[in-house]
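*Asks:* Following this message is one structure expressed as structure tokens.
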Amino acid sequence: MADAVGASVGEVTRVDDLGEIERASSPRWVWWRTAEIYPALLEAGVRVQRCHDLAAVQSLLRTYEGEPFVPPQSALSEPAGSGAVQISLFTDDEAASKPSRRLGAGPDGDPAMYGTYFGLAELRRHYAEQLAHIARVRKAHPGFGLLVAAESAAGLAAVEMGRAGLPWSTEIHDRVLTDLLGPRPQHHGRPRKLQVLAEEVSALLAPEKTGPALQVNPDSPADVLKAFKRQGVTLTSTRAWELKEVEHPAVAPLLRYKELARLHVAHGWGWQDQWVRQGRFHAEYVPGGVVTGRWATSGGGALQIPKVMRACVVADPGYVLVAADAGQLEPRILAALSADRGMIAATADADMYTALARQALGRPEARNEAKIGLLAAMYGARANTPAMVALKRRFPQALDLLERAARTGENGGIVRSVLGRTCPPPEPTWQEVPPEQALARSRARGRFTRNFVIQASAADWANALVAGLRRRLIALSDRAELVFFQHDEVLVHAPAMLAEAVVAAIADSGAEATALVLGDRGVRIPLAAAPITSYADKN
DNA sequence: AGTCACAGCCAC
DNA sequence: AAACGTGGCTGTGACT
């Protein structure tokens, strides 16, 4: 693989030379898409400190500046403090979908060594154009430069995380699955305990027939609805919360079946075969994969690991996992964005919801009402609970920010995160529907923009956290690795003797993210890091 | 045999 | 308690 990346145009730049340059000056490498280039560099042993991901930045700029310009896959580096641009170019024959010219055979006549002659000048022009655009955007949104840097850093962190993998004990995983489901079935098919539950459900819903074949397939909502109907129970869906309201002997085994079936199909042995190798769960992370700037994953479902499966995440012998999450990140972000003095004061409390309950409802024990009320306000609930009314009275500025974001969306406008990420505009034809649907669409758009300002700003903060933590971990040790990141929490796998240093690195990164993203607004975002052996031990 | 919308549940 | 934001993923069932 290393050979496939060491092509040249003009002056020769081999991957070894790239490593030399990186070690000597740690330039900001400029390239088209981190996910396409960086894995090969890591494979060749080159870890990069900084980059500018043109594709990622392009998508940040898209809602500010016209149509995207799509350059070929290439890379160049701009050494710090120098006007000269060192050029290297590496690509492989996956670039064949774009116009390319073969540069020559590799060491063994390997035809995989391709490159593009025309790409570099355009790439440099594109970079220059982006810098100019960024400078313009920064005049209105001073944080935008930070957003660009954090987004690019997140891309590097994501590739490194996917490569390192999350420590995953297949032994514990097998044990958890066997305890819950019975032994692994020989071929595919239901494990024993699932099969027993399925037969029980079927017998209770269709008692008139018996036999090896199921009369009711619990995986089929239509089947289940029909069966309940025959029993005189009318349901509008087979959702768990609706089934819980029903008194029928089949409900309990059906709910248990659904719970276990979910684990089996989504995180069972098949999942393990596909995604876990040599004790590591390797997922592919996609920073900015969500419109709000949150990360997504493609394959493996790393951002939806069920809580019961966290027991499978264990540190290697002699290592620890240092876990940290930002408690109640989104309401703290709301306090900062709105500069609501009462709500900012509440962020001093480790449990912000108790502080909100005390201030708005006069009862700290009403914590849960306050929590639900505020989350509902941030998500755009249709119903107005008493707690929401009380919150609005006590924290008018904060709730008003949400209302204004909603109005903007309802009117077809766009909103931005604190650092200047914009939400996508509505489709031009979004209101070309009957009037009653137009209103529903407008409301839905309002809920989206209402939530966007919070979720996207929280993602800004989290990306700044990841960028700072990555920088500190590189300085600390190659053996302290970021192995998991999920919206507002991080997991670092490190030698036990580095535990305290990692704890400090996380705390410092959190404080830095808060200062950089939210400025000096007096908002506190607690980020308590603690070394653990198993992810199940967190909190 | 592939594609797609939908239902439902997992995470935050 | 009810179904209100962002996603990924899987089986079903209708379709080509």
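Ordering of the structure tokens sets the chain letters (A, B, ...); residue numbers start at 1 within each chain; ligands are numbered from 1 in the order shown.
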Would you mind listing, for every residue of chain B within 7 Å of chain A, the two atoms forming the shortest contact and the distance between them in Å to one decimal, using only C-alpha atoms (C1' of nucleotides), sorted by chain and ascending residue number, as JSON lines?

*Replies:*
{"residue": "B:DG8", "atom": "C1'", "partner": "A:Arg239", "partner_atom": "CA", "distance": 6.6}
{"residue": "B:DC10", "atom": "C1'", "partner": "A:Gln304", "partner_atom": "CA", "distance": 5.3}
{"residue": "B:DA11", "atom": "C1'", "partner": "A:Gln304", "partner_atom": "CA", "distance": 3.9}
{"residue": "B:DC12", "atom": "C1'", "partner": "A:His487", "partner_atom": "CA", "distance": 6.3}

*Asks:* Suppose we keep N, CA and C atoms (P, O5', C5', C4', C3', O3' and C1' of nucleotides); can you now write the selection as a short mmCIF file (atom, residue, chain, number, x, y, z; two decimals), in the first residue's frame?

*Replies:*
data_model
loop_
_atom_site.label_atom_id
_atom_site.label_comp_id
_atom_site.auth_asym_id
_atom_site.auth_seq_id
_atom_site.Cartn_x
_atom_site.Cartn_y
_atom_site.Cartn_z
P DG B 8 -44.69 -0.39 14.19
"O5'" DG B 8 -43.29 -0.49 14.95
"C5'" DG B 8 -42.62 -1.74 14.99
"C4'" DG B 8 -41.20 -1.51 15.40
"C3'" DG B 8 -41.01 -0.64 16.64
"O3'" DG B 8 -40.66 -1.46 17.73
"C1'" DG B 8 -39.36 -0.26 14.96
P DC B 10 -34.49 -0.61 22.29
"O5'" DC B 10 -33.07 0.04 22.01
"C5'" DC B 10 -31.94 -0.80 21.76
"C4'" DC B 10 -30.86 0.01 21.08
"C3'" DC B 10 -30.52 1.32 21.77
"O3'" DC B 10 -29.63 1.12 22.83
"C1'" DC B 10 -30.65 1.63 19.41
P DA B 11 -29.55 2.21 24.02
"O5'" DA B 11 -28.73 3.40 23.34
"C5'" DA B 11 -27.37 3.22 22.98
"C4'" DA B 11 -26.86 4.40 22.17
"C3'" DA B 11 -27.06 5.76 22.84
"O3'" DA B 11 -26.01 5.98 23.78
"C1'" DA B 11 -27.59 5.87 20.53
P DC B 12 -26.22 6.99 24.99
"O5'" DC B 12 -26.23 8.41 24.30
"C5'" DC B 12 -25.01 8.95 23.76
"C4'" DC B 12 -25.34 10.20 22.96
"C3'" DC B 12 -25.93 11.33 23.78
"O3'" DC B 12 -24.89 12.23 24.16
"C1'" DC B 12 -27.12 11.05 21.73
#

*Asks:* Distance limit 7 Å, atoms considered: only C-alpha atoms (C1' of nucleotides). Which chain A residues sit that close to chain C? Return them as a PyMOL selection string.

*Replies:* chain A and resi 219-220+265-266+296+301+376+379-382+447-448+451

*Asks:* With all heavy atoms kept, could you save the residues just selected as an mmCIF file, in the first residue's frame?

*Replies:*
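As a result, selection.cif now contains:
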data_model
loop_
_atom_site.group_PDB
_atom_site.id
_atom_site.type_symbol
_atom_site.label_atom_id
_atom_site.label_comp_id
_atom_site.auth_asym_id
_atom_site.auth_seq_id
_atom_site.Cartn_x
_atom_site.Cartn_y
_atom_site.Cartn_z
ATOM 1 N N ASP A 219 -41.526 -10.875 14.320
ATOM 2 C CA ASP A 219 -40.763 -9.851 13.593
ATOM 3 C C ASP A 219 -41.635 -9.059 12.624
ATOM 4 O O ASP A 219 -41.175 -8.079 12.044
ATOM 5 C CB ASP A 219 -39.624 -10.508 12.789
ATOM 6 C CG ASP A 219 -38.500 -10.980 13.689
ATOM 7 O OD1 ASP A 219 -38.227 -10.314 14.700
ATOM 8 O OD2 ASP A 219 -37.904 -12.031 13.369
ATOM 9 N N SER A 220 -42.846 -9.533 12.424
ATOM 10 C CA SER A 220 -43.708 -8.874 11.447
ATOM 11 C C SER A 220 -44.766 -8.047 12.143
ATOM 12 O O SER A 220 -45.722 -8.586 12.704
ATOM 13 C CB SER A 220 -44.375 -9.925 10.553
ATOM 14 O OG SER A 220 -45.438 -9.340 9.843
ATOM 15 N N VAL A 265 -29.854 -9.302 16.156
ATOM 16 C CA VAL A 265 -29.638 -8.939 14.751
ATOM 17 C C VAL A 265 -28.651 -7.784 14.599
ATOM 18 O O VAL A 265 -27.886 -7.751 13.640
ATOM 19 C CB VAL A 265 -30.958 -8.599 14.021
ATOM 20 C CG1 VAL A 265 -31.871 -9.802 13.998
ATOM 21 C CG2 VAL A 265 -31.635 -7.392 14.624
ATOM 22 N N ALA A 266 -28.647 -6.845 15.550
ATOM 23 C CA ALA A 266 -27.835 -5.639 15.354
ATOM 24 C C ALA A 266 -26.462 -5.726 16.000
ATOM 25 O O ALA A 266 -25.515 -5.088 15.543
ATOM 26 C CB ALA A 266 -28.583 -4.412 15.868
ATOM 27 N N ALA A 296 -21.237 10.889 11.984
ATOM 28 C CA ALA A 296 -22.043 9.708 11.683
ATOM 29 C C ALA A 296 -21.076 8.540 11.533
ATOM 30 O O ALA A 296 -19.854 8.716 11.623
ATOM 31 C CB ALA A 296 -22.843 9.920 10.398
ATOM 32 N N GLY A 301 -22.383 0.615 13.167
ATOM 33 C CA GLY A 301 -23.249 1.198 14.185
ATOM 34 C C GLY A 301 -22.530 1.597 15.453
ATOM 35 O O GLY A 301 -23.021 1.389 16.564
ATOM 36 N N ALA A 376 -37.829 19.275 25.859
ATOM 37 C CA ALA A 376 -38.980 19.452 24.974
ATOM 38 C C ALA A 376 -38.900 20.795 24.262
ATOM 39 O O ALA A 376 -39.197 20.903 23.074
ATOM 40 C CB ALA A 376 -40.271 19.331 25.776
ATOM 41 N N TYR A 379 -36.378 20.507 21.543
ATOM 42 C CA TYR A 379 -36.778 19.621 20.451
ATOM 43 C C TYR A 379 -38.031 20.113 19.738
ATOM 44 O O TYR A 379 -38.386 19.595 18.687
ATOM 45 C CB TYR A 379 -37.038 18.206 20.975
ATOM 46 C CG TYR A 379 -35.809 17.443 21.388
ATOM 47 C CD1 TYR A 379 -35.902 16.326 22.189
ATOM 48 C CD2 TYR A 379 -34.549 17.828 20.946
ATOM 49 C CE1 TYR A 379 -34.781 15.606 22.565
ATOM 50 C CE2 TYR A 379 -33.429 17.121 21.323
ATOM 51 C CZ TYR A 379 -33.538 16.015 22.137
ATOM 52 O OH TYR A 379 -32.434 15.314 22.508
ATOM 53 N N GLY A 380 -38.740 21.052 20.355
ATOM 54 C CA GLY A 380 -39.929 21.575 19.695
ATOM 55 C C GLY A 380 -41.196 20.805 19.980
ATOM 56 O O GLY A 380 -42.003 20.580 19.074
ATOM 57 N N ALA A 381 -41.383 20.379 21.216
ATOM 58 C CA ALA A 381 -42.604 19.655 21.559
ATOM 59 C C ALA A 381 -43.833 20.507 21.263
ATOM 60 O O ALA A 381 -43.795 21.733 21.367
ATOM 61 C CB ALA A 381 -42.583 19.264 23.031
ATOM 62 N N ARG A 382 -44.915 19.822 20.899
ATOM 63 C CA ARG A 382 -46.120 20.561 20.564
ATOM 64 C C ARG A 382 -46.866 20.967 21.823
ATOM 65 O O ARG A 382 -47.464 22.033 21.882
ATOM 66 C CB ARG A 382 -47.017 19.712 19.665
ATOM 67 C CG ARG A 382 -46.377 19.444 18.312
ATOM 68 C CD ARG A 382 -47.286 18.565 17.456
ATOM 69 N NE ARG A 382 -46.775 18.465 16.093
ATOM 70 C CZ ARG A 382 -46.176 17.396 15.604
ATOM 71 N NH1 ARG A 382 -46.011 16.339 16.365
ATOM 72 N NH2 ARG A 382 -45.741 17.376 14.360
ATOM 73 N N ARG A 447 -39.137 23.111 13.940
ATOM 74 C CA ARG A 447 -38.544 22.217 14.945
ATOM 75 C C ARG A 447 -37.102 21.898 14.592
ATOM 76 O O ARG A 447 -36.235 21.795 15.460
ATOM 77 C CB ARG A 447 -39.374 20.933 15.068
ATOM 78 C CG ARG A 447 -40.718 21.120 15.730
ATOM 79 C CD ARG A 447 -41.356 19.791 16.113
ATOM 80 N NE ARG A 447 -41.675 18.955 14.962
ATOM 81 C CZ ARG A 447 -42.779 19.051 14.232
ATOM 82 N NH1 ARG A 447 -43.700 19.949 14.543
ATOM 83 N NH2 ARG A 447 -42.977 18.256 13.201
ATOM 84 N N PHE A 448 -36.875 21.746 13.281
ATOM 85 C CA PHE A 448 -35.511 21.452 12.836
ATOM 86 C C PHE A 448 -34.553 22.609 13.150
ATOM 87 O O PHE A 448 -33.493 22.420 13.744
ATOM 88 C CB PHE A 448 -35.516 21.143 11.334
ATOM 89 C CG PHE A 448 -34.145 21.140 10.707
ATOM 90 C CD1 PHE A 448 -33.175 20.244 11.108
ATOM 91 C CD2 PHE A 448 -33.824 22.058 9.707
ATOM 92 C CE1 PHE A 448 -31.909 20.244 10.544
ATOM 93 C CE2 PHE A 448 -32.568 22.070 9.135
ATOM 94 C CZ PHE A 448 -31.605 21.169 9.555
ATOM 95 N N ASN A 451 -33.868 23.096 16.853
ATOM 96 C CA ASN A 451 -32.901 22.156 17.411
ATOM 97 C C ASN A 451 -31.517 22.353 16.818
ATOM 98 O O ASN A 451 -30.505 22.124 17.480
ATOM 99 C CB ASN A 451 -33.383 20.719 17.179
ATOM 100 C CG ASN A 451 -32.459 19.711 17.824
ATOM 101 O OD1 ASN A 451 -31.741 18.991 17.144
ATOM 102 N ND2 ASN A 451 -32.452 19.664 19.150
#

*Asks:* DSSP on the backbone, then: every residue of segment 192-261 of chain A marked alpha helix (DSSP H), written as a PyMOL selection string.

*Replies:* chain A and resi 192-205+221-230+240-243+251-261

*Asks:* Can you list, as a ChimeraX atom specification, every protein, DNA or RNA residue that comes within 10 Å of Phe395 of chain A when you count only C-alpha atoms (C1' of nucleotides), leaving out same-chain residues fewer than 2 positions away?

*Replies:* /A:335,338,340-344,356,359-360,389-393,397-400

*Asks:* I need the residues in segment 317-532 of chain A that are strand (DSSP E) according to DSSP; give them as a list of chain:residue names.

*Replies:* A:Tyr319, A:Val320, A:Leu321, A:Val322, A:Ala323, A:Ala324, A:Asp325, A:Ala326, A:Glu481, A:Leu482, A:Val483, A:Phe484, A:Phe485, A:Glu489, A:Val490, A:Leu491, A:Val492, A:His493, A:Ala494, A:Pro495, A:Leu527, A:Ala528, A:Ala529, A:Ala530, A:Pro531, A:Ile532

*Asks:* For the residues in the current selection, export C-alpha atoms as a compact mmCIF listing (two decimals), in the first residue's frame.

*Replies:*
# COMPACT_ATOMS: atom_id res chain seq x y z
CA TYR A 319 -3.94 -0.33 30.07
CA VAL A 320 -6.89 1.75 31.16
CA LEU A 321 -9.78 3.40 29.42
CA VAL A 322 -10.14 7.03 30.37
CA ALA A 323 -13.78 7.97 29.92
CA ALA A 324 -15.31 11.41 29.97
CA ASP A 325 -18.56 12.96 28.90
CA ALA A 326 -19.87 16.47 29.02
CA GLU A 481 -5.16 6.66 21.69
CA LEU A 482 -8.58 8.18 21.24
CA VAL A 483 -10.69 5.08 20.58
CA PHE A 484 -14.25 6.34 20.88
CA PHE A 485 -16.18 9.56 20.45
CA GLU A 489 -18.20 11.69 25.24
CA VAL A 490 -14.69 10.39 24.63
CA LEU A 491 -12.80 7.22 25.46
CA VAL A 492 -9.00 7.10 25.51
CA HIS A 493 -7.09 3.81 25.69
CA ALA A 494 -3.73 4.32 27.35
CA PRO A 495 -1.08 2.58 29.45
CA LEU A 527 -16.03 17.14 31.73
CA ALA A 528 -15.12 14.69 34.45
CA ALA A 529 -12.61 12.11 33.23
CA ALA A 530 -11.88 8.93 35.12
CA PRO A 531 -9.78 5.85 34.38
CA ILE A 532 -11.76 2.62 34.21
